[in-house]
Amino acid sequence: MTNIRPTSTSTPPSGTVAARPSPAPVNAAPSMPAAPPASDTRELHRELLRMMLLQRRFEERCAEAYALGKIGGFSHLYIGQEATGTGAISVLRPDDYVITTYRDHAQAIARGITPRSVMAELFGKAAGCSHGKGGSMHLFSREHNFLGGHGIVGANIPIATGVAFGIKYRGGDQVCLCFFGEAAVNNGAFHEALNMAGLWKLPVIYVIENNRYGMGTALERASAVNDIAERARAYDMHRAVVDGQDVLAVRRVVGEAVQRARTERLPTLIESRTYRFMGHSMSDAVAGTYRSRAELDEQLKRDPIALLRAYMHERNEISESEVAELDAAVRAECEDAWQFADQSPEPELGALMQNVTVEGDGGPASGDGASSADNSNGAGGAPPAAEPSS
Ligand SMILES: Cc1ncc(C[n+]2csc(CCOP(=O)(O)OP(=O)(O)O)c2C)c(N)n1
Ligand SMILES: [Mg+2]
């Protein structure tokens, strides 16, 4: 039976390296709490499996809805990468922050935004988490401290640094978890933002989801340095590489980084080595153009859901019939989300210009009374009074 622990030589080591030379070995013991009782572990594994299955079935329905024209604009699926978002988000507190890219459906669900709310957003409906005005790439929820969904490659990285600065400035102990792809690391914003986080020692965890391709361009064709986590050295930052198909390894490595950010206010750069099983977006081929079918088939053997399921089987934590029950339940949840989204009303025409800009000096935006709360920055509360600008 397949074991979830990396066995092949192509899988990366999972571990953290300190910013400055230190005696800490690469595979240092995790600073997670002591092992919970077996029953708790089983419950945790079941929940991680359920969550990844929910995301997978949800996105399969997204592909179907997109083909039927129910979802407009772009749509980028996360299928194959579920272990990274699920494992990382599972170690956060509700008052921590998450910020991500356009490949955001599954992570929004992992953060607790309901499938109904995400599907309604994808269908452009008023009940969506961004009131139908964001769509696939711009899922937001203030309630869940989920700060998007960003379409510009690298744009969310400086925002995460700013959120972490805000946390530290206010004396909080939250952390900011920031996801982006490996193609973003050659963008200037990455370097500026990481320099500031390293310099000011900010509570931020940058998770690079290295799925090997930026659209159709392989990492090796675009980057002078392929060992991406090494870039943390330039900013005196802790770094780690993790097997992104192993949800438990991701949990452990991100858990260490979260602990460090929360207690020591130090940033970490994590490279999660993963693979997307679908095309870059709904409009390109799954394989046969920039990557071969043989490569994809090889990667499909390390499906994160199958790996966790096999691991749980080995430990007698779940039976085939229980997996089937879980699957049926999440399929029903996705069907419910589809029906809800389909039957929900479109946004009112009058809502078009609401929450677009903040009018005046921090006063309520035009439109509904909830606007000022919706528009205030994600780090919580109003910022300090600004100097008058010229
Ligand atoms: C600044 C900028 N340049 C180019 C694009 C077009 N673009 C959209 S996605 C993408 C690839 C990004 O790849 P990666 O960061 O590895 O994330 P992945 O799609 O693999 O999750 C590009 C170049 C963009 N959105 N923003
Ligand atoms: Mg990529």
# chains A, B, ... in the order shown; residues from 1 in each chain; ligands from 1

call {"tool": "select_by_dssp", "arguments": {"residues": "segment 182-380 of chain A", "states": "strand (DSSP E)", "output": "list in words"}}
result
Val204, Ile205, Tyr206, Val207, Ile208, Glu209, Asn210, Tyr213, Gly214, Thr217, Ala218, His238, Arg239, Ala240, Val241, Val242, Asp243, Thr268, Leu269, Ile270, Glu271, Ser272 and Arg273 of chain A

call {"tool": "closest_atom_pairs", "arguments": {"of": "chain A", "to": "ligand 2", "cutoff": "6 Å", "atoms": "only C-alpha atoms and all ligand atoms", "output": "Markdown table"}}
result
| residue | atom | partner | partner_atom_place_in_ligand_line | distance |
| --- | --- | --- | --- | --- |
| A:Gly181 | CA | ligand 2 | 1 (Mg) | 4.5 |
| A:Glu182 | CA | ligand 2 | 1 (Mg) | 5.0 |
| A:Ala183 | CA | ligand 2 | 1 (Mg) | 5.5 |
| A:Asn210 | CA | ligand 2 | 1 (Mg) | 5.5 |
| A:Asn211 | CA | ligand 2 | 1 (Mg) | 4.6 |
| A:Arg212 | CA | ligand 2 | 1 (Mg) | 5.3 |
| A:Tyr213 | CA | ligand 2 | 1 (Mg) | 4.2 |
| A:Gly214 | CA | ligand 2 | 1 (Mg) | 4.2 |

call {"tool": "closest_atom_pairs", "arguments": {"of": "chain A", "to": "ligand 1", "cutoff": "9 Å", "atoms": "only C-alpha atoms and all ligand atoms", "output": "tab-separated table"}}
result
residue	atom	partner	partner_atom_place_in_ligand_line	distance
A:His76	CA	ligand 1	19 (O)	7.6
A:Leu77	CA	ligand 1	21 (O)	8.9
A:Tyr78	CA	ligand 1	21 (O)	8.0
A:Thr101	CA	ligand 1	21 (O)	7.5
A:Tyr102	CA	ligand 1	21 (O)	7.8
A:Arg103	CA	ligand 1	21 (O)	6.1
A:His150	CA	ligand 1	25 (N)	8.6
A:Gly151	CA	ligand 1	25 (N)	5.3
A:Ile152	CA	ligand 1	26 (N)	3.9
A:Val153	CA	ligand 1	26 (N)	3.9
A:Gly154	CA	ligand 1	1 (C)	6.5
A:Ala155	CA	ligand 1	1 (C)	7.4
A:Phe180	CA	ligand 1	15 (O)	5.9
A:Gly181	CA	ligand 1	15 (O)	3.3
A:Glu182	CA	ligand 1	16 (O)	4.2
A:Ala183	CA	ligand 1	15 (O)	3.7
A:Ala184	CA	ligand 1	15 (O)	4.5
A:Val185	CA	ligand 1	15 (O)	7.7
A:Asn187	CA	ligand 1	1 (C)	7.5
A:Ile208	CA	ligand 1	15 (O)	8.4
A:Glu209	CA	ligand 1	21 (O)	6.8
A:Asn210	CA	ligand 1	16 (O)	6.5
A:Asn211	CA	ligand 1	20 (O)	5.6
A:Arg212	CA	ligand 1	16 (O)	6.8
A:Tyr213	CA	ligand 1	20 (O)	5.2
A:Gly214	CA	ligand 1	13 (O)	3.2
A:Met215	CA	ligand 1	11 (C)	4.5
A:Gly216	CA	ligand 1	11 (C)	8.0
A:Thr217	CA	ligand 1	11 (C)	8.2
A:Ala218	CA	ligand 1	16 (O)	8.8
A:Leu219	CA	ligand 1	16 (O)	8.0
A:Tyr275	CA	ligand 1	20 (O)	8.6
A:Arg276	CA	ligand 1	20 (O)	7.7
A:His280	CA	ligand 1	19 (O)	5.8
A:Ser281	CA	ligand 1	19 (O)	8.0

call {"tool": "write_last_selection", "arguments": {"atoms": "C-alpha atoms", "output": "tab-separated table (two decimals), in the first residue's frame"}}
result
chain	number	residue	atom	x	y	z
A	76	HIS	CA	-8.22	28.22	-12.24
A	77	LEU	CA	-8.64	24.87	-10.55
A	78	TYR	CA	-6.62	23.65	-7.58
A	101	THR	CA	-3.89	34.06	-5.68
A	102	TYR	CA	-6.54	33.49	-8.33
A	103	ARG	CA	-6.34	29.71	-7.64
A	150	HIS	CA	-5.70	38.21	-6.33
A	151	GLY	CA	-5.35	38.10	-10.09
A	152	ILE	CA	-2.05	39.91	-10.52
A	153	VAL	CA	0.88	37.54	-10.04
A	154	GLY	CA	2.85	38.58	-6.94
A	155	ALA	CA	0.42	41.33	-5.94
A	180	PHE	CA	1.55	32.17	-4.29
A	181	GLY	CA	2.97	30.17	-7.19
A	182	GLU	CA	6.63	29.56	-8.02
A	183	ALA	CA	6.41	31.91	-11.01
A	184	ALA	CA	5.83	34.84	-8.65
A	185	VAL	CA	9.31	34.65	-7.12
A	187	ASN	CA	8.60	39.34	-9.65
A	208	ILE	CA	5.24	29.03	-2.48
A	209	GLU	CA	3.15	26.42	-4.24
A	210	ASN	CA	5.71	25.06	-6.65
A	211	ASN	CA	3.61	23.20	-9.20
A	212	ARG	CA	6.50	23.51	-11.68
A	213	TYR	CA	4.74	25.70	-14.22
A	214	GLY	CA	3.69	29.31	-14.60
A	215	MET	CA	0.98	28.89	-17.22
A	216	GLY	CA	2.89	26.91	-19.88
A	217	THR	CA	6.42	27.84	-18.79
A	218	ALA	CA	8.46	25.39	-16.75
A	219	LEU	CA	10.33	26.77	-13.74
A	275	TYR	CA	1.58	19.53	-9.07
A	276	ARG	CA	-1.66	20.64	-10.67
A	280	HIS	CA	-3.47	26.29	-15.87
A	281	SER	CA	-7.02	27.55	-16.37

call {"tool": "closest_residue", "arguments": {"among": "A:Cys334, A:Ile205, A:Leu177, A:Arg252", "to": "Ile270 of chain A", "atoms": "only C-alpha atoms"}}
result
A:Ile205

call {"tool": "closest_residue", "arguments": {"among": "A:Ala234, A:Leu248, A:Val358, A:Leu122", "to": "Glu47 of chain A", "atoms": "only C-alpha atoms"}}
result
A:Leu248

call {"tool": "residues_around", "arguments": {"residues": "Gln81 of chain A", "least_positions_apart": "4", "cutoff": "12 Å", "atoms": "only C-alpha atoms", "output": "PyMOL selection string"}}
result
chain A and resi 52-53+55-56+59+76-77+85-88+103-107+179+181+208-212+243-247+250+272-278+299-300+302-305

call {"tool": "write_last_selection", "arguments": {"atoms": "C-alpha atoms", "output": "PDB file, in the first residue's frame"}}
result
ATOM      1  CA  MET A  52      -9.787  17.609   0.498  1.00  0.00           C
ATOM      2  CA  LEU A  53     -12.581  15.474  -0.963  1.00  0.00           C
ATOM      3  CA  GLN A  55     -12.620  20.663  -2.495  1.00  0.00           C
ATOM      4  CA  ARG A  56     -12.055  18.066  -5.226  1.00  0.00           C
ATOM      5  CA  GLU A  59     -13.987  21.931  -8.327  1.00  0.00           C
ATOM      6  CA  HIS A  76      -8.219  28.223 -12.238  1.00  0.00           C
ATOM      7  CA  LEU A  77      -8.644  24.868 -10.553  1.00  0.00           C
ATOM      8  CA  GLY A  85      -3.914  24.650   1.228  1.00  0.00           C
ATOM      9  CA  THR A  86      -5.705  22.187   3.478  1.00  0.00           C
ATOM     10  CA  GLY A  87      -2.692  21.302   5.603  1.00  0.00           C
ATOM     11  CA  ALA A  88      -1.500  24.895   5.928  1.00  0.00           C
ATOM     12  CA  ARG A 103      -6.337  29.715  -7.643  1.00  0.00           C
ATOM     13  CA  ASP A 104      -8.460  30.299  -4.588  1.00  0.00           C
ATOM     14  CA  HIS A 105     -11.690  28.217  -4.552  1.00  0.00           C
ATOM     15  CA  ALA A 106     -10.359  25.311  -2.514  1.00  0.00           C
ATOM     16  CA  GLN A 107      -8.459  27.478  -0.057  1.00  0.00           C
ATOM     17  CA  PHE A 179       0.104  31.587  -0.834  1.00  0.00           C
ATOM     18  CA  GLY A 181       2.974  30.168  -7.189  1.00  0.00           C
ATOM     19  CA  ILE A 208       5.236  29.034  -2.477  1.00  0.00           C
ATOM     20  CA  GLU A 209       3.146  26.415  -4.238  1.00  0.00           C
ATOM     21  CA  ASN A 210       5.714  25.062  -6.652  1.00  0.00           C
ATOM     22  CA  ASN A 211       3.608  23.198  -9.199  1.00  0.00           C
ATOM     23  CA  ARG A 212       6.499  23.505 -11.676  1.00  0.00           C
ATOM     24  CA  ASP A 243       6.266  17.527   0.068  1.00  0.00           C
ATOM     25  CA  GLY A 244       3.141  19.367  -1.020  1.00  0.00           C
ATOM     26  CA  GLN A 245       1.217  16.154  -1.722  1.00  0.00           C
ATOM     27  CA  ASP A 246       1.497  15.063   1.904  1.00  0.00           C
ATOM     28  CA  VAL A 247      -1.096  16.956   3.921  1.00  0.00           C
ATOM     29  CA  VAL A 250       2.445  20.364   5.214  1.00  0.00           C
ATOM     30  CA  SER A 272       5.612  23.279  -1.096  1.00  0.00           C
ATOM     31  CA  ARG A 273       6.435  20.955  -4.013  1.00  0.00           C
ATOM     32  CA  THR A 274       3.205  20.027  -5.675  1.00  0.00           C
ATOM     33  CA  TYR A 275       1.583  19.535  -9.067  1.00  0.00           C
ATOM     34  CA  ARG A 276      -1.655  20.635 -10.673  1.00  0.00           C
ATOM     35  CA  PHE A 277      -3.594  17.870 -12.340  1.00  0.00           C
ATOM     36  CA  MET A 278      -5.598  20.208 -14.584  1.00  0.00           C
ATOM     37  CA  GLN A 299       2.317  12.740 -10.923  1.00  0.00           C
ATOM     38  CA  LEU A 300      -1.213  11.363 -10.703  1.00  0.00           C
ATOM     39  CA  ARG A 302       0.809  10.974  -5.910  1.00  0.00           C
ATOM     40  CA  ASP A 303      -2.720  12.285  -5.671  1.00  0.00           C
ATOM     41  CA  PRO A 304      -2.855  13.877  -2.194  1.00  0.00           C
ATOM     42  CA  ILE A 305      -6.307  12.450  -1.465  1.00  0.00           C
TER      43      ILE A 305
END
